[in-house]
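Asks: Shown below is the structure under consideration.
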Amino acid sequence: MLDNQALEVEIKQLQGELEVLEIMPYEEKEKKKKIDELRRMLEDKYDDKEEIESLQQALIAKQTEHTTELRPAREKLIKGFLDITSGRGNIGIKIIGKLDKKSFVNACKKQSNEDAEVTATILYSEWEAQIESWSAMVHGKNTVIVSKDNEKLQELKEEHGEEIYSLVTKALDEITEYRSYAKQHGGEIYGVPELWNYKANRLATSKEAIEYAAKQWMANKNKRKR
């Protein structure tokens with residue numbers, strides 16, 4: 001079955017052929033035959049288009065229903081991981097849009113800064129506040145929080161280097177990518193905890209989180225038996 005866009009193109013082509021045919025000087029009987037044939041083809045395409053649109057609507061409705069049913073279970077998984085995990089395993093909790101303070105310190109140290117801890121702490125606090133402010137701009141159909149050519153970001157890059165600039169822009173990309181979460185969290189994205197697959201550097205599926213938690217539980221159980 002053709003996709004909806006391809007069908008739209010075919011329908012427009014057939015409509016164009018029909019319009020041309022209706023004004024062309026054909027023998028009446030032959031002209032009527034061709035027009036009837038084109039109209040039948042158009043009707044078939046309209047039926048296909050209607051079928052595809054109905055299928056798309058059904059799939060969207062099913063996906064929405066599926067997401068609505070699974071979200072409470074995922075939220076319980078997130079709460080469970082927040083309560084029981086420490087350190088960072090392959091699957092864990094990531095706070096969307098939050099900067100990694102340790103990475104800031106390490107980046108500052110690479111610049112041979114004698115006051116790396118102090119500089120990193122100030123910089124960290126400043127940019128946490130800036131990202132939180134920018135994240136509040138994500139609404140509706142906005143697809144970009146702020147351009148990477150933004151004056152503040154370019155000043156950060158020039159003053160503190162590519163690595164720190166990349167840490168900030170990565171957090172901004174994260175918020176932009178998960179902007180759909182705003183609807184699920186009262187318009188907020190920044191600071192939202194999510195299950196994360198650190199090995200693959202992406203959101204973890206609920207299945208991955210359950211399997212990982214089960215393995216950790218079995219490993220701890222076996223340790224207790226020894």
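Labeling convention for the structure tokens: chains A, B, ... as they appear, residues from 1 per chain, ligands from 1 in order of appearance.
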Can you pull out the residues contacting Gln5 (chain A)? Cut-off 12 Å, using only C-alpha atoms, and skip same-chain residues under 5 positions away; I want them as a list of chain:residue names.
Replies: A:Glu10, A:Ile11, A:Lys12, A:Lys45, A:Asp48, A:Lys49, A:Ile52, A:Glu53
Asks: Determine, counting only C-alpha atoms, which protein, DNA and RNA residues have an atom within 10 Å of an atom of Ala116 (chain A); residues of the same chain fewer than 6 positions away are not included. Present the result as a PyMOL selection string.
Replies: chain A and resi 104-110+122
Asks: Please, could you write that set of residues out with N, CA and C atoms as a PDB file, in the first residue's frame?
Replies:
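Ended up saving to part-v2.pdb:
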ATOM      1  N   PHE A 104      32.529  19.486  34.816  1.00  0.00           N
ATOM      2  CA  PHE A 104      32.954  20.883  34.811  1.00  0.00           C
ATOM      3  C   PHE A 104      34.289  21.048  35.527  1.00  0.00           C
ATOM      4  N   VAL A 105      34.399  20.410  36.688  1.00  0.00           N
ATOM      5  CA  VAL A 105      35.646  20.495  37.456  1.00  0.00           C
ATOM      6  C   VAL A 105      36.806  19.930  36.649  1.00  0.00           C
ATOM      7  N   ASN A 106      36.594  18.763  36.048  1.00  0.00           N
ATOM      8  CA  ASN A 106      37.646  18.129  35.247  1.00  0.00           C
ATOM      9  C   ASN A 106      38.059  19.006  34.070  1.00  0.00           C
ATOM     10  N   ALA A 107      37.063  19.635  33.428  1.00  0.00           N
ATOM     11  CA  ALA A 107      37.357  20.510  32.292  1.00  0.00           C
ATOM     12  C   ALA A 107      38.164  21.723  32.735  1.00  0.00           C
ATOM     13  N   CYS A 108      37.812  22.263  33.891  1.00  0.00           N
ATOM     14  CA  CYS A 108      38.556  23.417  34.418  1.00  0.00           C
ATOM     15  C   CYS A 108      39.986  23.034  34.772  1.00  0.00           C
ATOM     16  N   LYS A 109      40.154  21.850  35.324  1.00  0.00           N
ATOM     17  CA  LYS A 109      41.492  21.384  35.689  1.00  0.00           C
ATOM     18  C   LYS A 109      42.383  21.218  34.456  1.00  0.00           C
ATOM     19  N   LYS A 110      41.793  20.807  33.347  1.00  0.00           N
ATOM     20  CA  LYS A 110      42.558  20.648  32.102  1.00  0.00           C
ATOM     21  C   LYS A 110      43.081  21.979  31.597  1.00  0.00           C
ATOM     22  N   ILE A 122      31.240  28.093  40.446  1.00  0.00           N
ATOM     23  CA  ILE A 122      30.586  29.331  40.012  1.00  0.00           C
ATOM     24  C   ILE A 122      29.988  29.154  38.622  1.00  0.00           C
TER      25      ILE A 122
END
Asks: To one decimal in Å, tell me the separation between CA of Gln13 (chain A) and CA of Gln57 (chain A).
Replies: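 So the two atoms, CA of Gln13 (chain A) and CA of Gln57 (chain A), lie 25.7 Å apart.
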Asks: Val146 (chain A): which residues within 8 Å, counting only C-alpha atoms, same-chain residues fewer than 3 positions away excluded, as a PyMOL selection string?
Replies: chain A and resi 134+150+172
Asks: Please produce a file of those selected residues containing C-alpha atoms, as an mmCIF file, in the first residue's frame.
Replies:
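Resulting contents of again.cif:
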data_model
loop_
_atom_site.group_PDB
_atom_site.id
_atom_site.type_symbol
_atom_site.label_atom_id
_atom_site.label_comp_id
_atom_site.auth_asym_id
_atom_site.auth_seq_id
_atom_site.Cartn_x
_atom_site.Cartn_y
_atom_site.Cartn_z
ATOM 1 C CA TRP A 134 16.016 28.638 28.600
ATOM 2 C CA ASN A 150 23.859 32.485 20.807
ATOM 3 C CA LEU A 172 20.327 22.114 25.734
#
Asks: What is the distance, in Å and to one decimal place, between CA of Asp36 (chain A) and CA of Leu21 (chain A)?
Replies: 10.9 Å
Asks: Contacts of Ala204 (chain A) at 6 Å or less, counting only C-alpha atoms, minus same-chain residues fewer than 4 places along, as a PyMOL selection string?
Replies: chain A and resi 195-197
Asks: Within 10 Å of Ile131 (chain A), counting only C-alpha atoms, which residues show up once you throw out same-chain ones fewer than 5 positions away? Write them as an mmCIF file with C-alpha atoms, in the first residue's frame, please.
Replies:
data_model
loop_
_atom_site.group_PDB
_atom_site.id
_atom_site.type_symbol
_atom_site.label_atom_id
_atom_site.label_comp_id
_atom_site.auth_asym_id
_atom_site.auth_seq_id
_atom_site.Cartn_x
_atom_site.Cartn_y
_atom_site.Cartn_z
ATOM 1 C CA GLY A 97 19.035 18.994 31.211
ATOM 2 C CA LYS A 98 21.191 18.881 34.353
ATOM 3 C CA LEU A 99 24.880 19.619 33.965
ATOM 4 C CA GLU A 126 25.581 30.180 36.554
ATOM 5 C CA ALA A 136 11.096 27.358 30.268
ATOM 6 C CA ILE A 145 15.548 26.376 22.735
ATOM 7 C CA VAL A 146 18.395 28.623 21.730
ATOM 8 C CA VAL A 168 26.223 23.119 28.058
ATOM 9 C CA THR A 169 25.031 22.611 24.469
ATOM 10 C CA ALA A 171 22.219 19.720 28.011
ATOM 11 C CA LEU A 172 20.327 22.114 25.734
ATOM 12 C CA ILE A 175 15.955 19.443 26.641
ATOM 13 C CA TYR A 190 14.497 20.646 33.101
#
Asks: So how many Å separate CA of Glu208 (chain A) and CA of Gly191 (chain A), to one decimal?
Replies: 22.2 Å
